[in-house]
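Asker: This one is structure16.txt, compact mmCIF, C-alpha atoms.
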```
# COMPACT_ATOMS: atom_id res chain seq x y z
CA GLY Q 14 0.00 0.00 0.00
CA GLU Q 15 0.82 3.67 0.03
CA ASN Q 16 3.41 5.05 2.48
CA VAL Q 17 3.29 8.71 3.50
CA GLU Q 18 6.18 10.33 5.35
CA GLN Q 19 5.82 13.73 6.98
CA HIS Q 20 8.49 16.15 8.20
CA PRO Q 21 9.24 17.77 10.54
CA SER Q 22 7.48 16.14 13.46
CA THR Q 23 7.65 19.40 15.45
CA LEU Q 24 8.00 22.97 14.24
CA SER Q 25 8.23 26.24 16.18
CA VAL Q 26 7.98 29.61 14.45
CA GLN Q 27 7.67 33.20 15.56
CA GLU Q 28 4.33 34.85 15.00
CA GLY Q 29 4.27 36.42 11.55
CA ASP Q 30 6.84 34.03 10.08
CA SER Q 31 6.06 31.31 7.55
CA ALA Q 32 5.79 27.59 8.26
CA VAL Q 33 6.37 24.77 5.79
CA ILE Q 34 5.48 21.12 6.30
CA LYS Q 35 6.55 18.50 3.77
CA CYS Q 36 5.18 15.08 2.87
CA THR Q 37 6.36 12.40 0.49
CA TYR Q 38 4.35 9.51 -0.86
CA SER Q 39 5.35 6.23 -2.45
CA ASP Q 40 2.56 5.27 -4.85
CA SER Q 41 2.59 7.26 -8.08
CA ALA Q 42 -1.10 6.35 -8.54
CA SER Q 43 -2.08 8.59 -5.60
CA ASN Q 44 -4.05 11.52 -6.94
CA TYR Q 45 -5.72 13.30 -4.03
CA PHE Q 46 -3.84 15.00 -1.19
CA PRO Q 47 -5.73 16.59 1.71
CA TRP Q 48 -4.32 18.38 4.75
CA TYR Q 49 -5.95 18.29 8.17
CA LYS Q 50 -5.54 20.49 11.23
CA GLN Q 51 -6.14 19.04 14.66
CA GLU Q 52 -6.27 21.27 17.70
CA LEU Q 53 -5.64 19.74 21.10
CA GLY Q 54 -8.46 17.43 22.09
CA LYS Q 55 -10.44 18.16 18.94
CA ARG Q 56 -11.25 16.29 15.77
CA PRO Q 57 -9.11 16.66 12.62
CA GLN Q 58 -10.55 19.19 10.20
CA LEU Q 59 -9.85 19.50 6.50
CA ILE Q 60 -8.11 22.79 5.75
CA ILE Q 61 -7.04 22.42 2.13
CA ASP Q 62 -6.65 19.73 -0.50
CA ILE Q 63 -5.10 19.33 -3.93
CA ARG Q 64 -5.60 16.93 -6.79
CA SER Q 65 -2.90 15.54 -9.02
CA ASN Q 66 -3.88 17.64 -12.03
CA VAL Q 67 -3.01 20.85 -10.14
CA GLY Q 68 0.43 22.04 -9.05
CA GLU Q 69 -0.57 24.61 -6.45
CA LYS Q 70 -3.63 25.75 -4.56
CA LYS Q 71 -4.09 28.74 -2.24
CA ASP Q 72 -6.66 29.68 0.34
CA GLN Q 73 -5.86 32.96 2.07
CA ARG Q 74 -2.73 32.32 4.20
CA ILE Q 75 -2.56 28.62 3.37
CA ALA Q 76 -1.15 27.07 0.22
CA VAL Q 77 -0.33 23.56 -0.89
CA THR Q 78 2.12 22.60 -3.63
CA LEU Q 79 2.44 19.26 -5.37
CA ASN Q 80 5.39 17.83 -7.27
CA LYS Q 81 4.21 14.61 -8.91
CA THR Q 82 7.59 13.80 -10.40
CA ALA Q 83 9.29 13.87 -7.02
CA LYS Q 84 6.19 12.51 -5.26
CA HIS Q 85 6.07 15.15 -2.60
CA PHE Q 86 3.66 17.85 -1.50
CA SER Q 87 3.96 20.67 1.00
CA LEU Q 88 1.78 22.88 3.18
CA HIS Q 89 2.76 26.54 3.43
CA ILE Q 90 1.31 28.83 6.08
CA THR Q 91 2.22 32.50 5.79
CA GLU Q 92 1.93 35.24 8.42
CA THR Q 93 1.45 32.66 11.14
CA GLN Q 94 -0.78 33.46 14.11
CA PRO Q 95 -1.03 31.80 17.55
CA GLU Q 96 -4.32 30.17 16.51
CA ASP Q 97 -2.40 28.27 13.83
CA SER Q 98 -0.80 26.22 16.63
CA ALA Q 99 -2.03 22.64 16.16
CA VAL Q 100 -1.04 19.27 14.76
CA TYR Q 101 -1.17 19.10 10.97
CA PHE Q 102 -1.61 15.84 9.06
CA CYS Q 103 -1.07 15.20 5.38
CA ALA Q 104 -2.71 12.33 3.56
CA ALA Q 105 -2.63 10.66 0.17
CA SER Q 106 -5.31 8.72 -1.63
CA ILE Q 107 -5.80 6.72 -4.78
CA THR Q 108 -9.24 7.30 -6.25
CA GLY Q 109 -11.58 4.59 -5.07
CA ASN Q 110 -9.33 3.62 -2.18
CA GLN Q 111 -8.70 4.76 1.37
CA PHE Q 112 -6.50 7.56 2.72
CA TYR Q 113 -3.00 7.10 4.09
CA PHE Q 114 -1.96 9.64 6.69
CA GLY Q 115 1.39 11.03 7.67
CA THR Q 116 2.40 10.92 11.34
CA GLY Q 117 1.68 14.59 11.96
CA THR Q 118 3.56 17.85 12.58
CA SER Q 119 3.06 19.71 15.82
CA LEU Q 120 3.24 23.42 14.97
CA THR Q 121 3.77 25.99 17.71
CA VAL Q 122 3.48 29.68 16.88
CA ILE Q 123 5.31 31.77 19.46
CA PRO Q 124 3.70 35.16 20.10
CA ASN P 17 -26.82 19.31 10.40
CA ALA P 18 -24.94 17.43 13.10
CA GLY P 19 -22.29 16.08 10.67
CA VAL P 20 -20.69 12.95 12.12
CA THR P 21 -21.84 11.91 15.59
CA GLN P 22 -19.91 9.40 17.68
CA THR P 23 -20.90 7.80 20.94
CA PRO P 24 -19.66 7.42 23.60
CA LYS P 25 -17.05 10.18 24.06
CA PHE P 26 -15.18 8.35 26.80
CA GLN P 27 -15.10 4.71 27.88
CA VAL P 28 -13.10 2.60 30.29
CA LEU P 29 -13.16 -1.16 29.78
CA LYS P 30 -11.63 -4.05 31.59
CA THR P 31 -9.53 -6.49 29.61
CA GLY P 32 -11.80 -9.03 27.94
CA GLN P 33 -14.92 -6.89 27.97
CA SER P 34 -16.73 -6.06 24.74
CA MET P 35 -18.27 -2.86 23.49
CA THR P 36 -19.60 -1.19 20.38
CA LEU P 37 -18.72 2.33 19.24
CA GLN P 38 -21.52 3.99 17.36
CA CYS P 39 -21.20 6.42 14.46
CA ALA P 40 -23.86 8.18 12.43
CA GLN P 41 -23.66 10.82 9.69
CA ASP P 42 -26.41 12.99 8.27
CA MET P 43 -24.62 14.29 5.16
CA ASN P 44 -25.77 11.54 2.80
CA HIS P 45 -22.16 10.40 2.42
CA ASN P 46 -21.49 7.06 0.78
CA SER P 47 -18.24 6.14 2.51
CA MET P 48 -17.53 5.73 6.20
CA TYR P 49 -14.36 4.91 8.11
CA TRP P 50 -13.00 3.99 11.51
CA TYR P 51 -9.52 5.20 12.50
CA ARG P 52 -7.50 4.93 15.64
CA GLN P 53 -5.06 7.62 16.70
CA ASP P 54 -2.08 6.83 18.87
CA PRO P 55 0.71 9.23 19.91
CA GLY P 56 3.43 9.49 17.28
CA MET P 57 1.62 7.16 14.87
CA GLY P 58 -0.90 9.43 13.20
CA LEU P 59 -4.21 8.05 12.08
CA ARG P 60 -4.43 4.40 11.13
CA LEU P 61 -7.38 2.92 9.30
CA ILE P 62 -9.14 0.03 11.02
CA TYR P 63 -12.05 -0.67 8.67
CA TYR P 64 -13.94 1.22 6.04
CA SER P 65 -17.17 0.97 4.12
CA ALA P 66 -16.95 2.41 0.63
CA SER P 67 -20.71 2.16 0.19
CA GLU P 68 -23.74 0.77 1.97
CA GLY P 69 -23.53 -3.00 2.15
CA THR P 70 -19.75 -3.25 1.84
CA THR P 71 -16.95 -3.29 4.39
CA ASP P 72 -13.20 -3.76 3.99
CA LYS P 73 -10.21 -4.13 6.25
CA GLY P 74 -7.79 -1.29 6.66
CA GLU P 75 -4.28 -1.22 8.05
CA VAL P 76 -5.02 -2.46 11.60
CA PRO P 77 -8.22 -4.60 11.62
CA ASN P 78 -7.22 -7.30 14.11
CA GLY P 79 -9.43 -7.39 17.20
CA TYR P 80 -12.22 -5.35 15.61
CA ASN P 81 -15.41 -5.94 13.66
CA VAL P 82 -17.68 -3.49 11.90
CA SER P 83 -21.25 -3.25 10.69
CA ARG P 84 -22.60 -0.82 8.12
CA LEU P 85 -26.12 -0.84 9.45
CA ASN P 86 -27.49 1.48 6.76
CA LYS P 87 -26.20 4.44 4.79
CA ARG P 88 -26.07 6.63 7.91
CA GLU P 89 -24.60 4.30 10.52
CA PHE P 90 -21.30 2.47 10.85
CA SER P 91 -20.43 0.74 14.12
CA LEU P 92 -17.14 -0.63 15.44
CA ARG P 93 -17.12 -3.56 17.84
CA LEU P 94 -14.38 -4.75 20.15
CA GLU P 95 -15.21 -8.34 21.04
CA SER P 96 -12.57 -8.87 23.73
CA ALA P 97 -10.80 -5.63 24.62
CA ALA P 98 -7.03 -5.62 25.18
CA PRO P 99 -4.81 -2.89 26.67
CA SER P 100 -3.24 -2.45 23.20
CA GLN P 101 -6.61 -1.13 22.04
CA THR P 102 -6.35 1.87 24.34
CA SER P 103 -6.57 4.74 21.86
CA VAL P 104 -8.66 7.57 20.52
CA TYR P 105 -11.09 6.31 17.89
CA PHE P 106 -12.40 8.53 15.13
CA CYS P 107 -15.23 7.82 12.79
CA ALA P 108 -15.22 9.70 9.49
CA SER P 109 -17.31 9.95 6.36
CA SER P 110 -16.80 11.21 2.84
CA LEU P 111 -18.97 11.64 -0.21
CA ASP P 112 -17.02 8.97 -2.05
CA SER P 113 -14.11 6.76 -1.09
CA GLY P 114 -10.72 8.38 -1.58
CA VAL P 115 -12.02 11.21 -3.72
CA TYR P 116 -13.14 13.81 -1.21
CA GLY P 117 -11.87 14.87 2.18
CA TYR P 118 -13.23 13.40 5.36
CA THR P 119 -15.56 14.84 7.91
CA PHE P 120 -14.51 13.45 11.27
CA GLY P 121 -16.54 12.76 14.36
CA SER P 122 -15.45 14.16 17.71
CA GLY P 123 -13.72 10.96 18.77
CA THR P 124 -14.00 8.32 21.48
CA ARG P 125 -11.26 8.07 24.08
CA LEU P 126 -11.08 4.40 25.06
CA THR P 127 -8.99 3.08 27.91
CA VAL P 128 -8.61 -0.66 28.48
CA VAL P 129 -7.28 -1.61 31.91
```
Would you put the structure from the file into structure tokens?
Answerer:
Amino acid sequence: GENVEQHPSTLSVQEGDSAVIKCTYSDSASNYFPWYKQELGKRPQLIIDIRSNVGEKKDQRIAVTLNKTAKHFSLHITETQPEDSAVYFCAASITGNQFYFGTGTSLTVIP
Amino acid sequence: NAGVTQTPKFQVLKTGQSMTLQCAQDMNHNSMYWYRQDPGMGLRLIYYSASEGTTDKGEVPNGYNVSRLNKREFSLRLESAAPSQTSVYFCASSLDSGVYGYTFGSGTRLTVV
């Protein structure tokens, strides 16, 4: 099956700086890549996703990039705020199959 | 809309006891999933149901059974609980399997002593 690796496992940034989280996947057939944010004690929530026919997608301060050749995708958060502090999970999916999640990145934004 | 509703929110079991975790969604989603979340290991798929009437094993199915009761409900059963099953369990649903993002339930924190 698919194997998704996520780095770094922890990340601390100063408020206002940018944060980047990277994931790699193993199965070139994967074609859907969502990102989830999980605040402490809460459920994971979808924040952005990208499909394999698109190289980049933006939603306000959040962007995701996909490099199909290298089989990696990244989450970029600009102008970070304390409320961005959470655990972020990437995932990969092959259409018609289940999701495979990375192990998570704990992001801390220092005021 | 309630989204995905899981019950119970917390449960303590003794080793060998059985229990069923309930999950229901009101979004007319076709696919439903059960994940467990353990520290440092992310989310691991236990079982999923791509559509009503079908169920399939995920990455860590041993010790669990599931029932897709109807399109709305997908239950997870632990027949004989073990301490290794101490975890946070999340139910999720999506419009179609692997094509759209999940909506997660609020989770069940299960402790087996």
Asker: Write out as CSV a residue-level contact list of chain Q versus chain P with cut-off 10 Å: for each qualifying residue the closest pair of atoms and the distance in Å to one decimal, counting all atoms listed in the file, rows sorted by chain and residue number upward.
Answerer:
```
residue,atom,partner,partner_atom,distance
Q:Gly14,CA,P:Glu75,CA,9.2
Q:Ser22,CA,P:Gly56,CA,8.7
Q:Ser43,CA,P:Gly114,CA,9.5
Q:Asn44,CA,P:Val115,CA,8.6
Q:Tyr45,CA,P:Val115,CA,6.6
Q:Phe46,CA,P:Gly117,CA,8.7
Q:Pro47,CA,P:Gly117,CA,6.4
Q:Trp48,CA,P:Gly117,CA,8.7
Q:Tyr49,CA,P:Gly117,CA,9.1
Q:Gly54,CA,P:Ser122,CA,8.9
Q:Lys55,CA,P:Ser122,CA,6.5
Q:Arg56,CA,P:Ser122,CA,5.1
Q:Pro57,CA,P:Phe120,CA,6.4
Q:Gln58,CA,P:Thr119,CA,7.0
Q:Leu59,CA,P:Gly117,CA,6.6
Q:Ile60,CA,P:Gly117,CA,9.5
Q:Ile61,CA,P:Gly117,CA,9.0
Q:Asp62,CA,P:Gly117,CA,7.6
Q:Arg64,CA,P:Val115,CA,9.1
Q:Val100,CA,P:Gly58,CA,10.0
Q:Tyr101,CA,P:Gly58,CA,9.9
Q:Phe102,CA,P:Gly58,CA,7.7
Q:Cys103,CA,P:Gly58,CA,9.7
Q:Ala104,CA,P:Gly117,CA,9.6
Q:Ala105,CA,P:Gly114,CA,8.6
Q:Ser106,CA,P:Gly114,CA,5.4
Q:Ile107,CA,P:Gly114,CA,6.1
Q:Thr108,CA,P:Gly114,CA,5.0
Q:Gly109,CA,P:Ser113,CA,5.2
Q:Asn110,CA,P:Gly114,CA,5.0
Q:Gln111,CA,P:Gly114,CA,5.1
Q:Phe112,CA,P:Gly114,CA,6.1
Q:Tyr113,CA,P:Arg60,CA,7.7
Q:Phe114,CA,P:Leu59,CA,6.1
Q:Gly115,CA,P:Gly58,CA,6.2
Q:Thr116,CA,P:Gly58,CA,4.1
Q:Gly117,CA,P:Gly58,CA,5.9
Q:Thr118,CA,P:Gly58,CA,9.5
```
Asker: Counting only C-alpha atoms, write as a ChimeraX atom specification all protein and nucleic acid residues lying at most 12 Å from (8.2, 9.4, -0.8) in the file's frame.
Answerer: /Q:15-20,35-41,43,80-86,105,115
Asker: Using 3 Å of padding on each side, determine the axis-aligned box around all atoms of segment 68-71 of chain Q present in the file and give its centre and edge lengths in Å to one decimal, as AutoDock Vina command-line options.
Answerer:
```
--center_x -1.8 --center_y 25.4 --center_z -5.6 --size_x 10.5 --size_y 12.7 --size_z 12.8
```
Asker: Hey, which of P:Thr127, P:Asn78, P:Ser83, P:Ser91 ends up closest to Ser103 of chain P? Count only C-alpha atoms.
Answerer: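 Among P:Thr127, P:Asn78, P:Ser83, P:Ser91, it is P:Thr127 that comes nearest to Ser103 of chain P.
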Asker: One decimal, in Å: what's the spacing between atom CA of Ser96 of chain P and atom CA of Thr31 of chain P?
Answerer: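 Taking atom CA of Ser96 of chain P and atom CA of Thr31 of chain P, their separation equals 7.0 Å.
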Asker: Distance atom CA of Lys87 of chain P-atom CA of Leu126 of chain P, one decimal place?
Answerer: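 About the pair atom CA of Lys87 of chain P and atom CA of Leu126 of chain P: they are 25.3 Å apart.
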Asker: One number please: atom CA of Pro77 of chain P to atom CA of Glu89 of chain P, in Å, one decimal.
Answerer: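 Interatomic distance here is 18.7 Å.
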Asker: At a cut-off of 9 Å from (-16.0, 2.3, 18.9) in the coordinates of the file, what residues are picked up using only C-alpha atoms, written as an mmCIF file with C-alpha atoms, in the frame of the given file?
Answerer:
```cif
data_model
loop_
_atom_site.group_PDB
_atom_site.id
_atom_site.type_symbol
_atom_site.label_atom_id
_atom_site.label_comp_id
_atom_site.auth_asym_id
_atom_site.auth_seq_id
_atom_site.Cartn_x
_atom_site.Cartn_y
_atom_site.Cartn_z
ATOM 1 C CA GLN P 22 -19.910 9.400 17.680
ATOM 2 C CA THR P 23 -20.900 7.800 20.940
ATOM 3 C CA PRO P 24 -19.660 7.420 23.600
ATOM 4 C CA MET P 35 -18.270 -2.860 23.490
ATOM 5 C CA THR P 36 -19.600 -1.190 20.380
ATOM 6 C CA LEU P 37 -18.720 2.330 19.240
ATOM 7 C CA GLN P 38 -21.520 3.990 17.360
ATOM 8 C CA CYS P 39 -21.200 6.420 14.460
ATOM 9 C CA TRP P 50 -13.000 3.990 11.510
ATOM 10 C CA SER P 91 -20.430 0.740 14.120
ATOM 11 C CA LEU P 92 -17.140 -0.630 15.440
ATOM 12 C CA ARG P 93 -17.120 -3.560 17.840
ATOM 13 C CA LEU P 94 -14.380 -4.750 20.150
ATOM 14 C CA TYR P 105 -11.090 6.310 17.890
ATOM 15 C CA PHE P 106 -12.400 8.530 15.130
ATOM 16 C CA CYS P 107 -15.230 7.820 12.790
ATOM 17 C CA GLY P 123 -13.720 10.960 18.770
ATOM 18 C CA THR P 124 -14.000 8.320 21.480
ATOM 19 C CA LEU P 126 -11.080 4.400 25.060
#
```
Asker: Smallest atom-to-atom distance to Ser109 of chain P: which of P:Glu68, P:Asp42, P:Arg88, P:Met48, using all atoms listed in the file?
Answerer: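 Among P:Glu68, P:Asp42, P:Arg88, P:Met48, it is P:Met48 that comes nearest to Ser109 of chain P.
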Asker: If we count only C-alpha atoms, what is near Val67 of chain Q at a cut-off of 9 Å, once residues fewer than 3 positions away on the same chain are taken out, given as a PyMOL selection string?
Answerer: chain Q and resi 63-64+70+78-79
